[in-house]
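Taking it in order: structure first as structure tokens, then the write-up.
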Amino acid sequence: MTHKHSSARPEAGTRKRLSGPQRLAWSAGLGILLFGAGYLVHDSGLMSRYFTPDQGDVAQGGQAYTRATMEAKRKTYYADRTAPTAGMPVGADGYYAPPSEDSIPDGPYGDAVRRGRAIFMEPASMVSDHVGNTLACVNCHLDAGRRENSAPMWGAYVRYPAYRSKTQSISTIEDRIKGCFTYSMNAQGSPSGQPPAAGSDVYRDLITYFYWMSDGAPTGEKLPGSGYPKVKKPEAGYDVVRGQAVYTQNCALCHGADGQGQRDPDSGVVFPPLWGPNSYNWGAGMARIDTAAGFIKANMPLGKPFSLSDQDAWDVAAFIDSHERPKDPRQTGTLEAARVQFHEGEESFYGKEVNGKIVGGGTGPNG
Amino acid sequence: MNRLLPLLVGAIGVLLLATLMLVILPAWQMRTAQPPEQLPPYTGQQLLGRQQYVANGCVYCHSQQPRSTGQTLFDSASGWGRASTPGDYFYDAPHLLGTMRTGPDLLNIGARMKSRDWHLTHLYQPRSIFDWSIMPSYPYLFEEKDQASPGDVVVRLPAQFQPSGGRVVVARKEVLDLVEYLLSLDRTYPASPEELQKRDRGYDQRPETALAGHAG
Amino acid sequence: MKPNHHATTPRVDDIDPTFEPWEPSRPIPIFLLAVLIALALGGVGMYLSDLAPWADAGASDPVASIPAAPVTQAAPASPDSSTVQNAPVLVHAGRGSVWSCASCHGDQGQGAGSTPRLAGLDETYLAKQLRDFAAETRLNESMHYVARELTDQDIAEVAAYYASLPVPRLVLPQSDADLDRGRMLFEKGDWKRNVPACVSCHGDQGQGVGTSFPPLAAQRPEYLFNQLAAWKGGHRHNSPQSLMDDIASRLSYRDLYAVSNYAASLPGPGADAAH
């Protein structure tokens, strides 16, 4: 065994040996540098990028384009018309992002927006003279008319005026809302028997609300998420009996086995009726099975969007729309004549036989 | 390692630093501590029960220090109560903070489980309620009798845990005291801002940091 | 034969007189010193920053500003004596192995901590929960212990009794929950996370709707949070159509904490506000 003598190690003669205080100075300097580096890493949020607390799941899509960025770009464009135009605000899920409800301004304009929103949420109490059932706009246009794939108002507002085959005429947005009152809100059953008259403040407030919500959405564009998604009619078609099974399993909990919904003694309707005298009438879009299937597929059961299969959505839509409801207010003569004139070629049970009975005649005196 | 003096100085210095930071400074910080007004002193029976708690080694599996929501939401979700402050332990000598959570935190057990009968059943045989429980049973705190005398507290038990022959299990004074102590463990009254200031915020995120989205 | 020691043991003149058996002391490496200094700086900085007062030192949370009732005081609203007298025996006295309901759920059914209020809940809902506890489709060992001993008549009586009780005012614990966020979730939901507003199903005041949507208002916040966390974590799964499982799983725990505390702060029907 040979000992490796310390004296045999070559002395680091080329480097000058630092004295104690010099070492301390060097290490203090290096220490401060290290501390600074660590602080920068902490501050940069690098660590929090990899170790974030649970935020719940958010739908992810393409790039978000915030409203604030849009506002900034607008200012630039107003000042310099060669600057690029501001785009439409888009959320992380790729859909148009309406403004937050906290940002409704003060003043007469903001008041109109708020009134419009209040009407949208509770038309039966806000416009009681012209509402003939116990529905609310928000029942089918979820999240106060903001929800994509639930016929949002921002999707509708930018597509009017338009020619509508239903009326065989050009409809402004006001005409369209009047149609909602006439059919979906069953105005014929209301105390006045009519929707609000043209030029009414009801329309004015609602339109102001829709306009405010659509700020940034380009006029004329068919925005993704507008309307209800088209659900292809299944090969097997639709079946009311199958639909009843789907209804019992998925819908009856909230809308009742009898389809009349649930009421709270103090606050009124919680879950809206789907058929019968208090629901939408035969002229409403929702009475068409394909429309209802699209709504249901994307939005129902509430909180479980896109949970039903296409087949189930069509079946349960058929089941719901096979029941009697207030009559189509356009029917002046016979049911068959109204069917031929207004409902020919539709996917609906209007004027057709269900369980041995022709449906479409309405539920009683007010429809 | 062959220079004794620097070695000793360094070692003692580290110990002194630890003593300073962990003992002297905190004690100085809490020198003016007053008990919170909503916290009553223990009654005699509760103190006896506390001695039982110590004697039976409950502190080895049960902590008495719920963590704050700045650190984790787990304790809050388990219903263990708000983060404790120094004042909550004013009458706790010795403190029973504990370090283990083999079983749940008990600082607020008297706020969420107020049933004396439940505690008696659970202490006699935890597996009569939680069949997966590893908590030891404490049969010696009880006694079996042929028949309960007036004033006896009979323990409610499922059939398979009852003693045979129609005998009943009766709580001894020790366990009644212990349950009194457990029922007195309620520190859910709001902590005053001064008390909150004294908390070692440790892992907590400051509200401003939490809002900015930084983690920890 | 004599062992030949001389061949193996070194002779004195073979030993190197300059050999130093101890490792020569070397100076502590500069890098190591630098790391220690950086850590010391960090430690001192953290300690000093911890000493700075926290922004919430004012405890502006409205819930926390409620003067706390002494621990021993039960909730104020008490049922009239006839209700107490008509209570099923189980409620106040228990039976056999079963502890009395009131021993955990309070004399007025107001609950305690994470033990829920039962007073004023819907009869059918309570009965379903008891059956679920007995069958272990809803998991809670203490409630399973109780429910498995109950007959159908017991369940019906106890559920009817608690449904008939008035909703008591709650003494709410201190919390640092973001009540604004809680209110937002409660009244509007978080549709970007596919979470509808709580009021859509639980009533516009959180008072509960029908037999399947229990009240959230004036319910113990620890209980609400506990249950929402149980749905999120998969521990509870007796929600019809797994509606609550989905909703809870889409929110972060902090959101669940916020909405629980907000809902708990709402007054029950007919009761004064909780302050």
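Naming works like this for the structure tokens: A, B, ... for the chains as they're shown, residue 1 at the start of each chain, ligands 1 onward in shown order.
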Original post:
Could you pull the residues within 12 Å of stretch 165-180 of chain B, counting only C-alpha atoms, minus those fewer than 4 positions along the same chain, as an MDAnalysis selection string?
Top reply: (chainID B and resid 42:56 58 109:110 113:125 138:161 184:186) or (chainID C and resid 96:97)
Subject >> chain B contacts on chain A, only C-alpha atoms, 10 Å, as a PyMOL selection string >> reply: chain A and resi 42-53
Subject >> In stretch 52-158 of chain B, DSSP strand (DSSP E) residues written as a ChimeraX atom specification >> reply: /B:142-145
**OP:** Excluding C:Pro29 and residues on its chain fewer than 5 positions from it, collect all residues at most 12 Å away from it, counting only C-alpha atoms, and give them as a list of chain:residue names.
**Re:** A:Leu18, A:Gly20, A:Arg23, A:Leu24, A:Trp26, A:Ser27, A:Leu30, C:Ala34, C:Val35, C:Leu36
Any chance you can output those residues with N, CA, C and O atoms as a short mmCIF file (atom, residue, chain, number, x, y, z; two decimals), in the first residue's frame?
data_model
loop_
_atom_site.label_atom_id
_atom_site.label_comp_id
_atom_site.auth_asym_id
_atom_site.auth_seq_id
_atom_site.Cartn_x
_atom_site.Cartn_y
_atom_site.Cartn_z
N LEU A 18 -6.42 32.80 -2.05
CA LEU A 18 -7.14 33.96 -1.53
C LEU A 18 -7.10 33.96 -0.02
O LEU A 18 -7.13 32.92 0.62
N GLY A 20 -8.67 34.97 3.78
CA GLY A 20 -9.99 34.77 4.39
C GLY A 20 -10.99 35.84 4.01
O GLY A 20 -12.05 35.55 3.45
N ARG A 23 -12.04 35.66 0.42
CA ARG A 23 -12.97 34.55 0.16
C ARG A 23 -14.38 34.95 0.55
O ARG A 23 -15.34 34.70 -0.17
N LEU A 24 -14.46 35.59 1.72
CA LEU A 24 -15.77 36.01 2.22
C LEU A 24 -16.41 36.99 1.26
O LEU A 24 -17.60 36.92 0.96
N TRP A 26 -15.81 37.36 -1.99
CA TRP A 26 -16.25 36.66 -3.18
C TRP A 26 -17.53 35.89 -2.94
O TRP A 26 -18.46 35.91 -3.76
N SER A 27 -17.58 35.17 -1.83
CA SER A 27 -18.77 34.35 -1.60
C SER A 27 -19.97 35.22 -1.31
O SER A 27 -21.10 34.90 -1.71
N LEU A 30 -21.12 36.38 -4.74
CA LEU A 30 -21.78 35.27 -5.44
C LEU A 30 -23.10 34.94 -4.77
O LEU A 30 -24.10 34.61 -5.43
N ALA C 34 -21.27 30.79 -0.81
CA ALA C 34 -22.22 31.65 -1.51
C ALA C 34 -23.63 31.11 -1.38
O ALA C 34 -24.59 31.87 -1.17
N VAL C 35 -23.78 29.80 -1.52
CA VAL C 35 -25.12 29.22 -1.37
C VAL C 35 -25.65 29.46 0.03
O VAL C 35 -26.82 29.83 0.22
N LEU C 36 -24.78 29.29 1.02
CA LEU C 36 -25.23 29.51 2.41
C LEU C 36 -25.65 30.96 2.61
O LEU C 36 -26.66 31.24 3.27
#
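Taking only C-alpha atoms into account, B:Leu183 lies nearest to B:Arg112 out of the set B:Asp131, B:Arg112, B:Pro163, B:Met100.
Residues of chain C having any atom within 6 Å of chain A, counting only C-alpha atoms, are Ile30, Leu33, Ala34, Val35, Ile37, Ala38, Arg193, Val195, Pro196, Arg250, Leu251 and Ser252 of chain C.
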Restricting it to C-alpha atoms, dump the selection as a PDB file, in the first residue's frame.
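So selection.pdb came out as:
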ATOM      1  CA  ILE C  30     -16.528  29.674  -2.115  1.00  0.00           C
ATOM      2  CA  LEU C  33     -20.340  29.793   1.173  1.00  0.00           C
ATOM      3  CA  ALA C  34     -22.218  31.652  -1.514  1.00  0.00           C
ATOM      4  CA  VAL C  35     -25.121  29.219  -1.374  1.00  0.00           C
ATOM      5  CA  ILE C  37     -25.224  33.285   2.190  1.00  0.00           C
ATOM      6  CA  ALA C  38     -27.983  33.232  -0.428  1.00  0.00           C
ATOM      7  CA  ARG C 193     -67.161  25.800 -17.003  1.00  0.00           C
ATOM      8  CA  VAL C 195     -71.820  25.252 -14.388  1.00  0.00           C
ATOM      9  CA  PRO C 196     -75.350  26.662 -14.223  1.00  0.00           C
ATOM     10  CA  ARG C 250     -66.043  21.400 -12.822  1.00  0.00           C
ATOM     11  CA  LEU C 251     -65.360  23.920 -10.074  1.00  0.00           C
ATOM     12  CA  SER C 252     -62.139  24.374  -8.160  1.00  0.00           C
TER      13      SER C 252
END
**OP:** Rounded to one decimal place, report the atom CA of B:Pro36-atom CA of C:Gln110 distance in Å.
**Re:** 25.6 Å
Subject >> Residue with smallest distance to C:Tyr257 - pool C:Ser175, C:Thr211, C:Gln205, C:Asn238, counting only C-alpha atoms >> reply: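 Ranked by minimum distance to C:Tyr257, first place goes to C:Ser175.
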Original post:
Could you work out how far atom CA of A:Ser200 lies from atom CA of A:Leu223, giving the answer in Å with one decimal?
Top reply: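 Between atom CA of A:Leu223 and atom CA of A:Ser200 the gap is 28.5 Å.
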**OP:** Can you pull out every residue within 12 Å of stretch 110-115 of chain A, counting only C-alpha atoms, but drop anything in the same chain fewer than 4 positions away, and send it as a PyMOL selection string?
**Re:** chain A and resi 101-106+119-123+126-127+144+201-214
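Nearest residue to B:Trp80 among B:Cys61, B:Val9, B:Ile24, B:Arg187 is B:Arg187, counting only C-alpha atoms.
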Original post:
Do you know which residues are at most 6 Å from A:Tyr228 counting only C-alpha atoms, after dropping those on the same chain fewer than 3 positions away, and could you put them as a ChimeraX atom specification?
Top reply: /A:149-151,294-295
Identify all residues of stretch 49-238 of chain C in helix (DSSP H, G or I) (DSSP on the backbone) and supply them as a compact mmCIF listing (two decimals) with N, CA, C and O atoms, in the first residue's frame.
# COMPACT_ATOMS: atom_id res chain seq x y z
N SER C 49 -40.55 39.55 5.88
CA SER C 49 -41.79 39.79 5.16
C SER C 49 -42.97 39.16 5.88
O SER C 49 -44.09 39.65 5.80
N ASP C 50 -42.74 38.10 6.61
CA ASP C 50 -43.82 37.51 7.42
C ASP C 50 -44.24 38.45 8.53
O ASP C 50 -45.38 38.42 8.97
N LEU C 51 -43.31 39.26 9.00
CA LEU C 51 -43.66 40.16 10.09
C LEU C 51 -44.58 41.27 9.62
O LEU C 51 -45.31 41.85 10.41
N ALA C 55 -52.85 41.88 4.66
CA ALA C 55 -53.90 42.76 4.14
C ALA C 55 -55.24 42.49 4.78
O ALA C 55 -56.09 43.34 4.88
N ASP C 56 -55.48 41.26 5.22
CA ASP C 56 -56.80 40.94 5.77
C ASP C 56 -56.88 41.18 7.26
O ASP C 56 -57.78 40.75 7.92
N ALA C 57 -55.90 41.89 7.80
CA ALA C 57 -55.88 42.08 9.25
C ALA C 57 -57.14 42.78 9.72
O ALA C 57 -57.50 42.71 10.88
N GLY C 58 -57.84 43.51 8.81
CA GLY C 58 -59.06 44.19 9.22
C GLY C 58 -60.24 43.26 9.33
O GLY C 58 -61.27 43.63 9.84
N SER C 81 -93.66 24.20 22.10
CA SER C 81 -93.55 23.00 22.93
C SER C 81 -94.34 21.84 22.34
O SER C 81 -93.99 20.69 22.54
N SER C 82 -95.41 22.14 21.61
CA SER C 82 -96.21 21.02 21.07
C SER C 82 -95.39 20.25 20.05
O SER C 82 -95.49 19.05 19.94
N THR C 83 -94.56 20.98 19.27
CA THR C 83 -93.73 20.28 18.29
C THR C 83 -92.75 19.36 19.00
O THR C 83 -92.53 18.23 18.60
N VAL C 84 -92.18 19.86 20.08
CA VAL C 84 -91.21 19.05 20.80
C VAL C 84 -91.89 17.84 21.40
O VAL C 84 -91.39 16.72 21.36
N GLN C 85 -93.09 18.07 21.95
CA GLN C 85 -93.78 16.94 22.57
C GLN C 85 -94.18 15.90 21.54
O GLN C 85 -94.20 14.71 21.83
N VAL C 89 -89.83 9.50 19.31
CA VAL C 89 -88.92 9.20 20.42
C VAL C 89 -87.47 9.23 19.98
O VAL C 89 -86.58 9.68 20.69
N LEU C 90 -87.24 8.75 18.77
CA LEU C 90 -85.88 8.68 18.24
C LEU C 90 -85.18 10.04 18.28
O LEU C 90 -83.97 10.12 18.47
N VAL C 91 -85.97 11.09 18.07
CA VAL C 91 -85.36 12.40 17.87
C VAL C 91 -84.62 12.86 19.12
O VAL C 91 -83.48 13.29 19.06
N HIS C 92 -85.25 12.73 20.27
CA HIS C 92 -84.61 13.28 21.48
C HIS C 92 -84.08 12.22 22.42
O HIS C 92 -83.28 12.53 23.29
N ALA C 93 -84.54 10.98 22.26
CA ALA C 93 -84.12 9.95 23.22
C ALA C 93 -83.34 8.82 22.59
O ALA C 93 -82.70 8.04 23.30
N CYS C 101 -81.33 11.68 17.40
CA CYS C 101 -81.01 12.58 16.29
C CYS C 101 -80.50 13.92 16.83
O CYS C 101 -79.52 14.47 16.35
N ALA C 102 -81.18 14.39 17.88
CA ALA C 102 -80.86 15.72 18.39
C ALA C 102 -79.48 15.78 19.00
O ALA C 102 -78.90 16.86 19.09
N SER C 103 -78.95 14.63 19.42
CA SER C 103 -77.64 14.68 20.06
C SER C 103 -76.57 15.16 19.10
O SER C 103 -75.59 15.77 19.50
N CYS C 104 -76.73 14.91 17.80
CA CYS C 104 -75.79 15.43 16.82
C CYS C 104 -76.37 16.61 16.05
O CYS C 104 -75.65 17.56 15.74
N HIS C 105 -77.65 16.53 15.71
CA HIS C 105 -78.25 17.53 14.82
C HIS C 105 -78.88 18.68 15.58
O HIS C 105 -79.47 19.56 14.97
N GLU C 123 -89.48 16.56 3.30
CA GLU C 123 -89.72 15.25 3.90
C GLU C 123 -89.23 14.11 3.00
O GLU C 123 -88.53 13.20 3.44
N THR C 124 -89.60 14.18 1.71
CA THR C 124 -89.22 13.10 0.79
C THR C 124 -87.72 13.06 0.62
O THR C 124 -87.11 11.98 0.52
N TYR C 125 -87.11 14.25 0.60
CA TYR C 125 -85.67 14.31 0.46
C TYR C 125 -84.99 13.66 1.66
O TYR C 125 -84.08 12.84 1.51
N LEU C 126 -85.43 14.00 2.86
CA LEU C 126 -84.83 13.43 4.06
C LEU C 126 -84.99 11.91 4.07
O LEU C 126 -84.06 11.18 4.39
N ALA C 127 -86.18 11.46 3.68
CA ALA C 127 -86.41 10.02 3.69
C ALA C 127 -85.48 9.33 2.69
O ALA C 127 -84.91 8.27 2.99
N LYS C 128 -85.31 9.94 1.52
CA LYS C 128 -84.41 9.33 0.53
C LYS C 128 -82.99 9.26 1.08
O LYS C 128 -82.31 8.24 0.92
N GLN C 129 -82.55 10.33 1.74
CA GLN C 129 -81.17 10.32 2.26
C GLN C 129 -81.01 9.23 3.31
O GLN C 129 -80.00 8.52 3.33
N LEU C 130 -82.02 9.07 4.18
CA LEU C 130 -81.91 8.02 5.19
C LEU C 130 -81.84 6.65 4.55
O LEU C 130 -81.04 5.79 4.95
N ARG C 131 -82.66 6.43 3.53
CA ARG C 131 -82.60 5.14 2.86
C ARG C 131 -81.25 4.94 2.16
O ARG C 131 -80.69 3.85 2.16
N ASP C 132 -80.74 6.02 1.57
CA ASP C 132 -79.44 5.91 0.92
C ASP C 132 -78.34 5.62 1.93
O ASP C 132 -77.41 4.86 1.65
N PHE C 133 -78.44 6.22 3.11
CA PHE C 133 -77.45 5.92 4.14
C PHE C 133 -77.52 4.46 4.55
O PHE C 133 -76.50 3.80 4.73
N ALA C 134 -78.75 3.99 4.70
CA ALA C 134 -78.89 2.59 5.13
C ALA C 134 -78.33 1.64 4.08
O ALA C 134 -77.66 0.66 4.41
N ALA C 135 -78.59 1.96 2.82
CA ALA C 135 -78.13 1.08 1.74
C ALA C 135 -76.70 1.37 1.35
O ALA C 135 -76.14 0.68 0.49
N GLU C 141 -70.49 6.75 7.80
CA GLU C 141 -70.55 5.60 8.70
C GLU C 141 -71.50 5.83 9.86
O GLU C 141 -72.26 4.95 10.26
N SER C 142 -71.45 7.05 10.43
CA SER C 142 -72.33 7.31 11.58
C SER C 142 -73.78 7.25 11.16
O SER C 142 -74.63 6.70 11.87
N MET C 143 -74.09 7.82 10.00
CA MET C 143 -75.48 7.80 9.53
C MET C 143 -75.89 6.40 9.11
O MET C 143 -77.04 6.01 9.27
N HIS C 144 -74.96 5.64 8.57
CA HIS C 144 -75.28 4.25 8.22
C HIS C 144 -75.62 3.47 9.49
O HIS C 144 -76.58 2.70 9.52
N TYR C 145 -74.84 3.70 10.52
CA TYR C 145 -75.07 3.06 11.83
C TYR C 145 -76.49 3.35 12.31
O TYR C 145 -77.18 2.47 12.81
N VAL C 146 -76.90 4.60 12.12
CA VAL C 146 -78.25 4.99 12.56
C VAL C 146 -79.31 4.43 11.62
O VAL C 146 -80.26 3.77 12.03
N ALA C 147 -79.11 4.67 10.33
CA ALA C 147 -80.19 4.41 9.37
C ALA C 147 -80.48 2.92 9.23
O ALA C 147 -81.63 2.54 8.94
N ASP C 152 -89.19 1.56 8.12
CA ASP C 152 -89.79 2.53 7.19
C ASP C 152 -90.64 3.54 7.94
O ASP C 152 -90.67 4.73 7.59
N GLN C 153 -91.31 3.07 8.98
CA GLN C 153 -92.14 4.00 9.73
C GLN C 153 -91.28 5.02 10.47
O GLN C 153 -91.60 6.20 10.52
N ASP C 154 -90.17 4.55 11.04
CA ASP C 154 -89.26 5.49 11.70
C ASP C 154 -88.83 6.57 10.73
O ASP C 154 -88.83 7.75 11.04
N ILE C 155 -88.43 6.12 9.54
CA ILE C 155 -87.93 7.08 8.55
C ILE C 155 -89.02 8.09 8.23
O ILE C 155 -88.77 9.31 8.18
N ALA C 156 -90.23 7.59 7.99
CA ALA C 156 -91.32 8.51 7.64
C ALA C 156 -91.58 9.50 8.76
O ALA C 156 -91.74 10.71 8.52
N GLU C 157 -91.59 9.01 10.00
CA GLU C 157 -91.90 9.90 11.13
C GLU C 157 -90.82 10.95 11.33
O GLU C 157 -91.11 12.13 11.50
N VAL C 158 -89.60 10.49 11.31
CA VAL C 158 -88.49 11.41 11.56
C VAL C 158 -88.42 12.46 10.44
O VAL C 158 -88.22 13.65 10.70
N ALA C 159 -88.59 12.01 9.20
CA ALA C 159 -88.53 12.95 8.08
C ALA C 159 -89.65 13.97 8.18
O ALA C 159 -89.44 15.17 7.98
N ALA C 160 -90.84 13.49 8.50
CA ALA C 160 -91.97 14.41 8.62
C ALA C 160 -91.74 15.40 9.75
O ALA C 160 -92.05 16.59 9.63
N TYR C 161 -91.20 14.91 10.84
CA TYR C 161 -90.95 15.79 11.98
C TYR C 161 -89.99 16.91 11.61
O TYR C 161 -90.25 18.09 11.83
N TYR C 162 -88.86 16.54 11.05
CA TYR C 162 -87.88 17.57 10.75
C TYR C 162 -88.37 18.52 9.66
O TYR C 162 -88.05 19.70 9.67
N ALA C 163 -89.16 17.98 8.73
CA ALA C 163 -89.69 18.87 7.69
C ALA C 163 -90.62 19.92 8.28
O ALA C 163 -90.75 21.02 7.74
N SER C 164 -91.23 19.60 9.41
CA SER C 164 -92.19 20.52 9.99
C SER C 164 -91.54 21.59 10.85
O SER C 164 -92.19 22.55 11.25
N LEU C 179 -66.85 35.86 -0.92
CA LEU C 179 -68.30 35.82 -1.00
C LEU C 179 -68.81 36.43 -2.30
O LEU C 179 -69.90 36.08 -2.77
N ASP C 180 -68.03 37.33 -2.90
CA ASP C 180 -68.45 37.87 -4.19
C ASP C 180 -68.45 36.78 -5.24
O ASP C 180 -69.38 36.65 -6.04
N ARG C 181 -67.39 35.99 -5.24
CA ARG C 181 -67.32 34.89 -6.18
C ARG C 181 -68.43 33.89 -5.88
O ARG C 181 -69.08 33.36 -6.78
N GLY C 182 -68.66 33.65 -4.59
CA GLY C 182 -69.71 32.72 -4.19
C GLY C 182 -71.06 33.19 -4.68
O GLY C 182 -71.86 32.41 -5.21
N ARG C 183 -71.30 34.49 -4.57
CA ARG C 183 -72.58 35.03 -4.99
C ARG C 183 -72.73 34.92 -6.51
O ARG C 183 -73.79 34.58 -7.03
N MET C 184 -71.62 35.19 -7.21
CA MET C 184 -71.63 35.10 -8.67
C MET C 184 -72.00 33.67 -9.10
O MET C 184 -72.85 33.45 -9.96
N LEU C 185 -71.34 32.71 -8.48
CA LEU C 185 -71.62 31.32 -8.82
C LEU C 185 -73.05 30.96 -8.48
O LEU C 185 -73.73 30.26 -9.22
N PHE C 186 -73.51 31.44 -7.33
CA PHE C 186 -74.83 31.08 -6.86
C PHE C 186 -75.91 31.64 -7.76
O PHE C 186 -76.87 30.96 -8.12
N GLU C 187 -75.75 32.92 -8.15
CA GLU C 187 -76.83 33.59 -8.90
C GLU C 187 -76.67 33.47 -10.41
O GLU C 187 -77.66 33.54 -11.12
N TRP C 191 -70.72 29.66 -16.64
CA TRP C 191 -71.09 28.91 -17.83
C TRP C 191 -69.89 28.51 -18.67
O TRP C 191 -69.98 27.58 -19.46
N LYS C 192 -68.76 29.23 -18.51
CA LYS C 192 -67.58 28.81 -19.24
C LYS C 192 -67.07 27.47 -18.73
O LYS C 192 -66.31 26.79 -19.38
N ARG C 193 -67.48 27.12 -17.53
CA ARG C 193 -67.16 25.80 -17.00
C ARG C 193 -68.39 24.89 -17.03
O ARG C 193 -68.41 23.86 -16.35
N VAL C 199 -79.17 28.82 -8.34
CA VAL C 199 -80.58 29.19 -8.22
C VAL C 199 -81.45 28.53 -9.29
O VAL C 199 -82.66 28.44 -9.12
N SER C 200 -80.84 28.08 -10.38
CA SER C 200 -81.65 27.44 -11.44
C SER C 200 -82.42 26.25 -10.91
O SER C 200 -83.50 25.96 -11.41
N CYS C 201 -81.84 25.55 -9.96
CA CYS C 201 -82.49 24.34 -9.48
C CYS C 201 -82.86 24.43 -8.00
O CYS C 201 -83.80 23.76 -7.57
N HIS C 202 -82.10 25.22 -7.25
CA HIS C 202 -82.32 25.23 -5.80
C HIS C 202 -83.16 26.41 -5.35
O HIS C 202 -83.30 26.64 -4.15
N PRO C 221 -72.32 25.85 6.44
CA PRO C 221 -71.37 25.98 5.34
C PRO C 221 -70.34 24.86 5.32
O PRO C 221 -69.92 24.43 4.25
N GLU C 222 -69.94 24.40 6.53
CA GLU C 222 -68.96 23.30 6.55
C GLU C 222 -69.57 22.06 5.90
O GLU C 222 -68.90 21.31 5.20
N TYR C 223 -70.87 21.87 6.14
CA TYR C 223 -71.54 20.70 5.55
C TYR C 223 -71.62 20.85 4.04
O TYR C 223 -71.32 19.92 3.29
N LEU C 224 -72.03 22.04 3.57
CA LEU C 224 -72.15 22.25 2.13
C LEU C 224 -70.82 22.02 1.44
O LEU C 224 -70.73 21.33 0.43
N PHE C 225 -69.75 22.58 1.99
CA PHE C 225 -68.44 22.44 1.39
C PHE C 225 -68.01 20.99 1.42
O PHE C 225 -67.50 20.44 0.44
N ASN C 226 -68.24 20.35 2.55
CA ASN C 226 -67.89 18.95 2.72
C ASN C 226 -68.57 18.10 1.65
O ASN C 226 -67.95 17.23 1.02
N GLN C 227 -69.84 18.37 1.41
CA GLN C 227 -70.57 17.56 0.43
C GLN C 227 -70.15 17.88 -0.99
O GLN C 227 -70.02 16.98 -1.82
N LEU C 228 -69.94 19.15 -1.29
CA LEU C 228 -69.47 19.50 -2.63
C LEU C 228 -68.11 18.85 -2.89
O LEU C 228 -67.86 18.32 -3.98
N ALA C 229 -67.24 18.88 -1.89
CA ALA C 229 -65.94 18.23 -2.04
C ALA C 229 -66.11 16.72 -2.21
O ALA C 229 -65.38 16.09 -2.96
N ALA C 230 -67.10 16.16 -1.51
CA ALA C 230 -67.34 14.73 -1.64
C ALA C 230 -67.79 14.38 -3.05
O ALA C 230 -67.39 13.36 -3.61
N TRP C 231 -68.64 15.24 -3.64
CA TRP C 231 -69.04 14.98 -5.03
C TRP C 231 -67.86 15.12 -5.96
O TRP C 231 -67.66 14.31 -6.84
N LYS C 232 -67.10 16.16 -5.74
CA LYS C 232 -65.97 16.40 -6.62
C LYS C 232 -64.98 15.24 -6.53
O LYS C 232 -64.44 14.80 -7.53
N GLY C 233 -64.76 14.77 -5.31
CA GLY C 233 -63.79 13.70 -5.13
C GLY C 233 -64.34 12.32 -5.44
O GLY C 233 -63.61 11.34 -5.42
**OP:** Work out how far atom CA of A:Asp312 is from atom CA of A:Lys232, in Å to one decimal.
**Re:** 12.0 Å
**OP:** Fewer than 4 positions away in the same chain doesn't count, so skip those; otherwise give me all residues within 9 Å of B:Thr102, counting only C-alpha atoms, as a ChimeraX atom specification.
**Re:** /B:60-63,134-135
